[in-house]
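Step one of this worksheet: look at the structure below.
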Amino acid sequence: MGEASESLNFIEHIIEEDLKNGYSKEDLRFRFPPEPNGYLHIGHASSICLNFGLGLRYNAPVNLRFDDTNPAKEEQEYVDAIKKDVEWLGFQWDTERYASDYFQQLYDWAVDLIKNGKAYVDSQSSEDMASQKGTPTQPGIDSPYRNRSVEENLALFQEMKDGKHEAGAHVLRAKINMSSSNMLMRDPIMYRVLHKAHHRTNTDWCIYPMYDWTHGESDYIEQVSHSLCTLEFAMHRELYDWFLDQVIDKSKLRPKQREFARRNLSHTVVSKRKLLQLVESGVVNGWDDPRMPTISGLRRRGYTPNSIKNFADTIGIAKRENLIDVSLLEFHAREDLNKTAPRVMGVLNPLKLVITNYPEDKEEWLDIENNPEDESAGSRQIPLSREIYIEQEDFKEEANRKFFRLKLGGEVRLKSGYIIKAESCTKDTDGNIIEVQCTYDPKSKSGSGTEESLRKVKGTLHWVSCKHAIEAEVRLYDRLFTNESPDSQKDKDFMEFINPNSLEVITAFVEPSLQESSPGDRFQFQRMGYFCVDSDSSGEKLVFNKTVGLRDTWAKIQQK
RNA sequence: UGGCCUAUGGUGUAAUUGGCAACACUACUGGUUUUGGUCCAGUCAUUCUAGGUUCGAGUCCUAGUAGGCCAACCA
């Protein structure tokens, strides 16, 4: 596949530069390193596309590595969900790894560090250690335990490992520099005691390594060439390199960490912690609620893997702050679905329409194309009878010239059917229109080739035959937050911006062919938008999620 | 008061490394259309500011300004 444009992002420039300076292409290796403490979201999708995209571009292996060093938060459920999401996006990892695979190696290296006087056991409370840490503008002070003997450190660390100490009693710290301008270099913790079962190693360990000690060494073990992470880890790079220096064998490849800005999406939050909060507070119905910006939520909403990958490619990768408008994500959904989603008829807000000159007992099946964008999609038949449903907003008693739809005395075409003319309408006692009476021109049948069928009328309506229609639940979604950047408002919690109307459930009428649909199927409801069969759907009761509406020029005209 | 990072249309990303600021989205104009969809054509920028180097600066230099990040036994 030739890229239309050959513009490179800054990460690719770095790799190209490395290649130019003697790096062998065979040495390139990447990794996607999620922590299994939540579901993946659209921001992760961007990172997945970056890392796996690099793998594809350079024909290099990409590992899926679970950063599972904190059994207090991590669960197998998340591991499974993450694997499913990456696979669904269409990527294949080289090997499945776990940081926990390296616990023994990490431990052995830690012992080496102690022997080399590069690490020590600190036996203070976390409060005491925090108070000694200093501030960004003031240096910290040394721990009273900083100069313990190697023998004592070794013995204590062994006891920690053997479970002889309570959580919090001791930690292993790297001995670096308590007055570094980088707070992370002020003797960072490498290990803490934690009497918690781990989802993979169970109770084998009661000390667990910290992120900084684990991540770079894991990259080194896997011989990852370029370790890409988000900007908030930029300050960690110095420590990443320091830890690497302690164990590196010069004959092996030295991984390098580079940082990119996380992608923020408007009108939502992209943070596992905040998404968890939405789930636990019941604002949404789970991680895969179609309103969630999680990969599983987008999948259930009806997004395709392609739409998400194209989105990620389009927004690219850089180092500056950003807030990507959700309309760009929606564009990619439409773009992909337009080419692939079969068109069907579905009336969301039904208004009954009677064709008074259409025989009472007559019904006919009309040919209709499945997708005008895809000839090979073929056609199907839909039933017409004397009584049909049209969309409420498609009829007005009177309207100006800009209204192309049905009005009294006006004509309109029923999609793939006949031209009808509105003669009269019926209202209830409140003045609401409850029925429209029309006549049709029997010679105007679509595709019949008659002079009448070739007549141009301005409007075309979608419709379904009353007696053939099937009822379906349709879930309409709106943005989850009313603010475009809910979590960056000063003095306001993001929960204050929740849109109370983000979900609307209605009963619609859809064409009978949809009876055969199954969960995950995606359709375009003609003139309305893209819809996806929900996992709650069954033969008894069809349930559709609205993925995204069609572009609506008419709505814009009305606004003026 | 310290350190690190970043500034290009309303939004996101480019710019052959000093040579006509490009692509996509959004918005707005028109055209086509049996989806007010799709498709097609067009419009929308003092590259944060001020100086400097240069025939030539988004790119290099100097000084500012603005924003983000950094003190969890989280990752």
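Convention: chains lettered A, B, ... in structure tokens order; per-chain residue numbering from 1; ligands numbered from 1 as shown.
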- Query: Skipping near chain neighbours, those fewer than 2 positions away, what residues fall within 7 Å of segment 30-42 of chain B using only C-alpha atoms (C1' of nucleotides), listed as a list in words?
  - Reply: Lys415, Ser416, Thr460, Gln526, Arg527, Leu550, Arg551, Asp552, Thr553 and Trp554 of chain A
Restricting it to C-alpha atoms, dump the selection as a PDB file, in the first residue's frame.
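What ended up in part30.pdb:
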ATOM      1  CA  LYS A 415     -37.949   6.056  -2.011  1.00  0.00           C
ATOM      2  CA  SER A 416     -37.966   3.260  -4.617  1.00  0.00           C
ATOM      3  CA  THR A 460     -37.694  11.714  -1.543  1.00  0.00           C
ATOM      4  CA  GLN A 526     -31.885   5.810   4.915  1.00  0.00           C
ATOM      5  CA  ARG A 527     -31.748   9.579   5.475  1.00  0.00           C
ATOM      6  CA  LEU A 550     -25.820  11.479   8.446  1.00  0.00           C
ATOM      7  CA  ARG A 551     -24.534  14.961   7.741  1.00  0.00           C
ATOM      8  CA  ASP A 552     -27.634  17.070   8.109  1.00  0.00           C
ATOM      9  CA  THR A 553     -27.646  20.107   5.866  1.00  0.00           C
ATOM     10  CA  TRP A 554     -31.359  20.601   6.408  1.00  0.00           C
TER      11      TRP A 554
END
Enumerate, in order of chain and increasing residue number, the residues of chain B with an atom no farther than 7 Å from chain A, each with its shortest atom pair and distance in Å to one decimal, counting only C-alpha atoms (C1' of nucleotides), as JSON lines.
{"residue": "B:G2", "atom": "C1'", "partner": "A:Thr137", "partner_atom": "CA", "distance": 4.3}
{"residue": "B:G3", "atom": "C1'", "partner": "A:Ser181", "partner_atom": "CA", "distance": 5.5}
{"residue": "B:C4", "atom": "C1'", "partner": "A:Met235", "partner_atom": "CA", "distance": 6.5}
{"residue": "B:U6", "atom": "C1'", "partner": "A:Arg320", "partner_atom": "CA", "distance": 5.2}
{"residue": "B:U11", "atom": "C1'", "partner": "A:Asp325", "partner_atom": "CA", "distance": 6.0}
{"residue": "B:G12", "atom": "C1'", "partner": "A:Ile315", "partner_atom": "CA", "distance": 5.2}
{"residue": "B:U13", "atom": "C1'", "partner": "A:Gly316", "partner_atom": "CA", "distance": 5.9}
{"residue": "B:A14", "atom": "C1'", "partner": "A:Ser7", "partner_atom": "CA", "distance": 6.4}
{"residue": "B:A24", "atom": "C1'", "partner": "A:Thr314", "partner_atom": "CA", "distance": 6.8}
{"residue": "B:C25", "atom": "C1'", "partner": "A:Leu328", "partner_atom": "CA", "distance": 5.4}
{"residue": "B:U34", "atom": "C1'", "partner": "A:Lys415", "partner_atom": "CA", "distance": 6.1}
{"residue": "B:U35", "atom": "C1'", "partner": "A:Arg527", "partner_atom": "CA", "distance": 4.7}
{"residue": "B:G36", "atom": "C1'", "partner": "A:Trp554", "partner_atom": "CA", "distance": 5.0}
{"residue": "B:G37", "atom": "C1'", "partner": "A:Leu550", "partner_atom": "CA", "distance": 6.2}
{"residue": "B:C69", "atom": "C1'", "partner": "A:Glu232", "partner_atom": "CA", "distance": 5.9}
{"residue": "B:C70", "atom": "C1'", "partner": "A:Met183", "partner_atom": "CA", "distance": 6.9}
{"residue": "B:A71", "atom": "C1'", "partner": "A:Thr135", "partner_atom": "CA", "distance": 5.3}
{"residue": "B:C73", "atom": "C1'", "partner": "A:Arg192", "partner_atom": "CA", "distance": 5.2}
{"residue": "B:A75", "atom": "C1'", "partner": "A:Tyr211", "partner_atom": "CA", "distance": 6.3}
- Message: List the spatial neighbours of segment 44-61 of chain B as a list in words - criterion: any atom at most 9 Å away, only C-alpha atoms (C1' of nucleotides), same-chain residues fewer than 4 positions off excluded.
- Response: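 After dropping sequence-adjacent residues, the list is A7, U8, G9, A15, U17, G18, G19, A21, A27, C28, U65 and A66 of chain B.
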If you run DSSP on the backbone here, which positions in segment 316-518 of chain A get strand (DSSP E or B)? Please write them as a short mmCIF file (atom, residue, chain, number, x, y, z; two decimals) with N, CA, C and O atoms, in the first residue's frame.
data_model
loop_
_atom_site.label_atom_id
_atom_site.label_comp_id
_atom_site.auth_asym_id
_atom_site.auth_seq_id
_atom_site.Cartn_x
_atom_site.Cartn_y
_atom_site.Cartn_z
N ILE A 324 -8.81 17.16 20.25
CA ILE A 324 -9.32 16.81 18.94
C ILE A 324 -10.84 16.81 18.94
O ILE A 324 -11.48 16.19 19.80
N ARG A 343 -28.09 -0.06 3.06
CA ARG A 343 -29.15 0.90 3.34
C ARG A 343 -30.44 0.15 3.64
O ARG A 343 -30.78 -0.82 2.93
N VAL A 344 -31.12 0.62 4.67
CA VAL A 344 -32.42 0.03 4.99
C VAL A 344 -33.38 1.15 5.36
O VAL A 344 -32.98 2.29 5.54
N GLY A 346 -35.98 2.70 8.01
CA GLY A 346 -36.38 2.69 9.41
C GLY A 346 -36.98 4.04 9.74
O GLY A 346 -36.40 5.07 9.43
N VAL A 347 -38.17 4.03 10.31
CA VAL A 347 -38.84 5.29 10.67
C VAL A 347 -38.76 5.45 12.19
O VAL A 347 -39.27 4.63 12.94
N PRO A 350 -42.70 7.80 13.94
CA PRO A 350 -43.66 7.48 12.89
C PRO A 350 -44.90 8.39 12.83
O PRO A 350 -45.43 8.83 13.85
N LEU A 351 -45.29 8.67 11.59
CA LEU A 351 -46.55 9.37 11.31
C LEU A 351 -47.25 8.50 10.26
O LEU A 351 -46.65 8.15 9.24
N LYS A 352 -48.50 8.18 10.54
CA LYS A 352 -49.22 7.30 9.62
C LYS A 352 -49.63 8.05 8.36
O LYS A 352 -50.07 9.21 8.44
N LEU A 353 -49.47 7.38 7.24
CA LEU A 353 -49.85 7.98 5.97
C LEU A 353 -50.69 6.96 5.20
O LEU A 353 -50.28 5.81 5.06
N VAL A 354 -51.87 7.40 4.74
CA VAL A 354 -52.75 6.49 4.01
C VAL A 354 -52.79 6.92 2.55
O VAL A 354 -53.02 8.09 2.24
N ILE A 355 -52.55 5.96 1.66
CA ILE A 355 -52.62 6.24 0.23
C ILE A 355 -54.04 5.87 -0.20
O ILE A 355 -54.36 4.70 -0.40
N GLU A 363 -50.79 -5.44 -1.93
CA GLU A 363 -49.43 -5.20 -1.46
C GLU A 363 -48.48 -5.59 -2.57
O GLU A 363 -48.75 -6.50 -3.35
N GLU A 364 -47.39 -4.87 -2.66
CA GLU A 364 -46.41 -5.21 -3.70
C GLU A 364 -45.01 -5.07 -3.14
O GLU A 364 -44.77 -4.33 -2.20
N TRP A 365 -44.11 -5.83 -3.75
CA TRP A 365 -42.72 -5.81 -3.29
C TRP A 365 -41.88 -5.05 -4.31
O TRP A 365 -41.87 -5.37 -5.49
N LEU A 366 -41.22 -4.03 -3.81
CA LEU A 366 -40.46 -3.13 -4.68
C LEU A 366 -38.96 -3.41 -4.59
O LEU A 366 -38.43 -3.71 -3.52
N ASP A 367 -38.31 -3.29 -5.72
CA ASP A 367 -36.85 -3.45 -5.75
C ASP A 367 -36.17 -2.22 -5.17
O ASP A 367 -36.56 -1.09 -5.46
N ILE A 368 -35.18 -2.47 -4.36
CA ILE A 368 -34.43 -1.34 -3.81
C ILE A 368 -32.96 -1.73 -3.67
O ILE A 368 -32.65 -2.86 -3.27
N GLU A 369 -32.07 -0.84 -4.06
CA GLU A 369 -30.64 -1.18 -4.01
C GLU A 369 -30.18 -1.21 -2.56
O GLU A 369 -30.67 -0.47 -1.72
N SER A 379 -29.44 -5.91 -4.58
CA SER A 379 -30.69 -5.27 -4.19
C SER A 379 -31.57 -6.26 -3.44
O SER A 379 -31.27 -7.44 -3.36
N ARG A 380 -32.63 -5.74 -2.89
CA ARG A 380 -33.58 -6.60 -2.17
C ARG A 380 -34.97 -6.07 -2.46
O ARG A 380 -35.13 -5.14 -3.28
N GLN A 381 -35.96 -6.66 -1.84
CA GLN A 381 -37.33 -6.18 -2.05
C GLN A 381 -37.94 -5.74 -0.73
O GLN A 381 -37.69 -6.33 0.32
N ILE A 382 -38.72 -4.68 -0.83
CA ILE A 382 -39.43 -4.21 0.36
C ILE A 382 -40.91 -4.07 0.03
O ILE A 382 -41.28 -3.74 -1.10
N PRO A 383 -41.76 -4.34 1.02
CA PRO A 383 -43.21 -4.35 0.78
C PRO A 383 -43.84 -2.96 0.91
O PRO A 383 -43.48 -2.18 1.77
N LEU A 384 -44.81 -2.72 0.02
CA LEU A 384 -45.61 -1.49 0.10
C LEU A 384 -47.08 -1.87 0.22
O LEU A 384 -47.52 -2.85 -0.38
N SER A 385 -47.79 -1.11 1.02
CA SER A 385 -49.23 -1.32 1.11
C SER A 385 -49.91 0.03 1.29
O SER A 385 -49.24 1.07 1.30
N GLU A 387 -51.22 1.56 3.77
CA GLU A 387 -50.85 2.38 4.93
C GLU A 387 -49.35 2.24 5.24
O GLU A 387 -48.84 1.13 5.38
N ILE A 388 -48.72 3.38 5.34
CA ILE A 388 -47.28 3.36 5.64
C ILE A 388 -46.97 4.36 6.75
O ILE A 388 -47.79 5.20 7.12
N TYR A 389 -45.76 4.23 7.28
CA TYR A 389 -45.26 5.22 8.23
C TYR A 389 -44.20 6.07 7.53
O TYR A 389 -43.38 5.55 6.78
N ILE A 390 -44.31 7.36 7.77
CA ILE A 390 -43.20 8.23 7.35
C ILE A 390 -42.72 8.96 8.60
O ILE A 390 -43.31 8.83 9.68
N GLU A 391 -41.67 9.71 8.46
CA GLU A 391 -41.10 10.43 9.58
C GLU A 391 -41.97 11.66 9.87
O GLU A 391 -42.35 12.39 8.95
N PHE A 395 -43.47 15.81 7.20
CA PHE A 395 -44.74 16.38 6.75
C PHE A 395 -45.07 17.67 7.49
O PHE A 395 -44.89 17.76 8.71
N LYS A 396 -45.51 18.65 6.71
CA LYS A 396 -46.01 19.89 7.30
C LYS A 396 -47.25 20.29 6.51
O LYS A 396 -47.31 20.05 5.30
N LEU A 406 -42.87 16.65 2.33
CA LEU A 406 -44.30 16.62 1.99
C LEU A 406 -45.11 17.72 2.67
O LEU A 406 -44.97 17.93 3.88
N LYS A 407 -45.90 18.43 1.86
CA LYS A 407 -46.83 19.40 2.44
C LYS A 407 -48.15 19.29 1.69
O LYS A 407 -48.20 18.72 0.58
N LEU A 408 -49.18 19.80 2.29
CA LEU A 408 -50.51 19.70 1.67
C LEU A 408 -50.48 20.25 0.25
O LEU A 408 -50.02 21.37 0.02
N GLU A 411 -46.01 17.33 -3.73
CA GLU A 411 -45.64 15.98 -4.13
C GLU A 411 -44.25 15.61 -3.62
O GLU A 411 -43.39 16.45 -3.42
N VAL A 412 -44.10 14.31 -3.47
CA VAL A 412 -42.84 13.80 -2.98
C VAL A 412 -42.71 12.36 -3.47
O VAL A 412 -43.72 11.74 -3.82
N ARG A 413 -41.48 11.86 -3.58
CA ARG A 413 -41.36 10.45 -3.98
C ARG A 413 -41.12 9.58 -2.77
O ARG A 413 -40.35 9.94 -1.88
N LEU A 414 -41.79 8.46 -2.73
CA LEU A 414 -41.48 7.45 -1.73
C LEU A 414 -40.27 6.71 -2.28
O LEU A 414 -40.32 6.20 -3.40
N ILE A 419 -44.66 8.34 -6.66
CA ILE A 419 -44.82 9.74 -6.30
C ILE A 419 -46.20 9.89 -5.65
O ILE A 419 -47.20 9.37 -6.15
N ILE A 420 -46.22 10.52 -4.50
CA ILE A 420 -47.50 10.73 -3.81
C ILE A 420 -47.76 12.22 -3.65
O ILE A 420 -46.84 13.04 -3.69
N LYS A 421 -49.03 12.53 -3.44
CA LYS A 421 -49.44 13.91 -3.26
C LYS A 421 -50.29 14.00 -2.00
O LYS A 421 -51.23 13.21 -1.82
N ALA A 422 -49.94 14.92 -1.11
CA ALA A 422 -50.70 15.04 0.14
C ALA A 422 -52.00 15.81 -0.12
O ALA A 422 -51.99 16.89 -0.69
N GLU A 423 -53.11 15.20 0.30
CA GLU A 423 -54.42 15.80 0.05
C GLU A 423 -55.00 16.43 1.31
O GLU A 423 -55.63 17.48 1.28
N SER A 424 -54.81 15.75 2.43
CA SER A 424 -55.41 16.23 3.67
C SER A 424 -54.72 15.57 4.85
O SER A 424 -53.91 14.66 4.68
N CYS A 425 -55.04 16.06 6.06
CA CYS A 425 -54.49 15.38 7.24
C CYS A 425 -55.48 15.45 8.38
O CYS A 425 -56.41 16.25 8.37
N THR A 426 -55.27 14.58 9.33
CA THR A 426 -56.17 14.47 10.48
C THR A 426 -55.40 14.84 11.74
O THR A 426 -54.23 14.48 11.88
N LYS A 427 -56.09 15.54 12.65
CA LYS A 427 -55.43 15.93 13.90
C LYS A 427 -56.19 15.40 15.09
O LYS A 427 -57.39 15.14 15.00
N ILE A 433 -50.90 16.41 14.40
CA ILE A 433 -51.22 15.67 13.19
C ILE A 433 -51.02 14.19 13.46
O ILE A 433 -49.94 13.78 13.91
N ILE A 434 -52.05 13.40 13.24
CA ILE A 434 -51.92 11.97 13.51
C ILE A 434 -52.02 11.11 12.26
O ILE A 434 -51.73 9.92 12.29
N GLU A 435 -52.46 11.71 11.18
CA GLU A 435 -52.52 10.94 9.95
C GLU A 435 -52.53 11.88 8.75
O GLU A 435 -53.05 12.98 8.81
N VAL A 436 -51.89 11.41 7.67
CA VAL A 436 -51.88 12.18 6.43
C VAL A 436 -52.54 11.33 5.35
O VAL A 436 -52.30 10.12 5.30
N GLN A 437 -53.43 11.95 4.56
CA GLN A 437 -54.04 11.23 3.45
C GLN A 437 -53.42 11.71 2.14
O GLN A 437 -53.30 12.90 1.90
N CYS A 438 -53.03 10.73 1.33
CA CYS A 438 -52.37 11.05 0.07
C CYS A 438 -53.01 10.27 -1.08
O CYS A 438 -53.73 9.30 -0.86
N THR A 439 -52.69 10.71 -2.28
CA THR A 439 -53.00 9.88 -3.45
C THR A 439 -51.67 9.58 -4.12
O THR A 439 -50.70 10.31 -3.92
N TYR A 440 -51.61 8.49 -4.88
CA TYR A 440 -50.36 8.19 -5.57
C TYR A 440 -50.60 8.07 -7.05
O TYR A 440 -51.74 7.87 -7.49
N THR A 460 -37.55 13.17 -1.60
CA THR A 460 -37.69 11.71 -1.54
C THR A 460 -37.74 11.31 -0.07
O THR A 460 -36.87 11.72 0.71
N LEU A 461 -38.75 10.54 0.30
CA LEU A 461 -38.89 10.15 1.70
C LEU A 461 -38.64 8.66 1.89
O LEU A 461 -38.91 7.86 1.01
N VAL A 464 -41.97 2.93 5.75
CA VAL A 464 -42.14 1.49 5.90
C VAL A 464 -43.63 1.18 5.89
O VAL A 464 -44.46 1.99 6.32
N SER A 465 -43.95 0.03 5.36
CA SER A 465 -45.36 -0.40 5.29
C SER A 465 -45.84 -0.78 6.68
O SER A 465 -45.21 -1.57 7.38
N ILE A 470 -41.64 -3.90 11.52
CA ILE A 470 -41.42 -4.49 12.84
C ILE A 470 -40.92 -3.42 13.80
O ILE A 470 -40.19 -2.50 13.42
N GLU A 471 -41.36 -3.60 15.03
CA GLU A 471 -41.00 -2.64 16.07
C GLU A 471 -39.57 -2.89 16.52
O GLU A 471 -39.13 -4.04 16.62
N ALA A 472 -38.88 -1.85 16.80
CA ALA A 472 -37.51 -2.01 17.29
C ALA A 472 -37.20 -0.92 18.31
O ALA A 472 -37.69 0.20 18.20
N GLU A 473 -36.40 -1.31 19.29
CA GLU A 473 -35.94 -0.30 20.23
C GLU A 473 -34.72 0.38 19.62
O GLU A 473 -33.83 -0.30 19.11
N VAL A 474 -34.72 1.70 19.65
CA VAL A 474 -33.57 2.41 19.12
C VAL A 474 -33.02 3.32 20.20
O VAL A 474 -33.77 4.06 20.85
N ARG A 475 -31.72 3.21 20.41
CA ARG A 475 -31.05 4.01 21.43
C ARG A 475 -30.27 5.12 20.76
O ARG A 475 -29.36 4.88 19.97
N LEU A 476 -30.67 6.34 21.07
CA LEU A 476 -30.03 7.51 20.47
C LEU A 476 -29.07 8.11 21.49
O LEU A 476 -29.41 8.28 22.66
N TYR A 477 -27.88 8.42 21.03
CA TYR A 477 -26.87 8.93 21.94
C TYR A 477 -26.47 10.35 21.61
O TYR A 477 -26.43 10.76 20.45
N PHE A 481 -20.71 14.61 27.73
CA PHE A 481 -20.47 15.83 28.50
C PHE A 481 -20.89 17.06 27.70
O PHE A 481 -20.79 17.08 26.48
N ILE A 498 -21.73 16.40 33.12
CA ILE A 498 -22.39 15.27 32.48
C ILE A 498 -23.69 15.71 31.81
O ILE A 498 -24.48 16.47 32.38
N LEU A 503 -28.61 9.81 26.59
CA LEU A 503 -29.27 8.60 26.06
C LEU A 503 -30.78 8.83 25.96
O LEU A 503 -31.41 9.30 26.88
N GLU A 504 -31.31 8.50 24.78
CA GLU A 504 -32.75 8.57 24.58
C GLU A 504 -33.18 7.25 23.93
O GLU A 504 -32.58 6.82 22.95
N VAL A 505 -34.15 6.62 24.52
CA VAL A 505 -34.60 5.34 23.99
C VAL A 505 -35.97 5.52 23.36
O VAL A 505 -36.89 6.05 23.98
N ILE A 506 -36.10 5.12 22.10
CA ILE A 506 -37.38 5.27 21.42
C ILE A 506 -37.78 3.94 20.77
O ILE A 506 -36.97 3.02 20.68
N THR A 507 -39.03 3.89 20.34
CA THR A 507 -39.50 2.72 19.61
C THR A 507 -39.70 3.15 18.17
O THR A 507 -40.39 4.13 17.89
N ALA A 508 -39.07 2.42 17.28
CA ALA A 508 -39.13 2.79 15.87
C ALA A 508 -39.75 1.63 15.07
O ALA A 508 -39.95 0.54 15.59
N PHE A 509 -40.05 1.90 13.81
CA PHE A 509 -40.52 0.85 12.91
C PHE A 509 -39.49 0.65 11.81
O PHE A 509 -39.08 1.61 11.18
N VAL A 510 -39.11 -0.60 11.62
CA VAL A 510 -38.10 -0.88 10.60
C VAL A 510 -38.63 -1.89 9.60
O VAL A 510 -39.59 -2.62 9.87
#
- Query: Between atom CA of Lys161 of chain A and atom CA of Val224 of chain A, what is the spacing in Å?
  - Reply: 28.6 Å
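When only C-alpha atoms are used to measure the gap to Pro486 of chain A, the shortest distance among A:Glu393, A:Tyr530, A:Asn264, A:Lys25 belongs to A:Asn264.
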- Excluding Cys532 of chain A and any residue of its chain fewer than 5 positions from it, enumerate the residues within 9 Å of it, using only C-alpha atoms (C1' of nucleotides), and give them as a list of chain:residue names. A:Arg300, A:Arg301, A:Gly302, A:Tyr303, A:Pro519, A:Gly520, A:Asp521, A:Arg522, A:Phe523, A:Gln524, A:Val543, A:Phe544, A:Asn545, A:Lys546, A:Thr547
- Task: Rank nothing, just name the residue among A:Asp536, A:Met495, A:Met185, A:Gln257 nearest to His226 of chain A, using only C-alpha atoms.
- Result: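 Of A:Asp536, A:Met495, A:Met185, A:Gln257, the one nearest His226 of chain A is A:Gln257, counting only C-alpha atoms.
Interatomic distance, atom CA of Phe91 of chain A to atom CA of Asn21 of chain A: 29.4 Å.
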- Message: Show me, as a PyMOL selection string, the residues that have an atom within 12 Å of Tyr220 of chain A when counting only C-alpha atoms (C1' of nucleotides), minus same-chain residues fewer than 2 positions from it.
- Response: chain A and resi 29-31+99+102+105-106+213-218+222-227+240-241+243-257
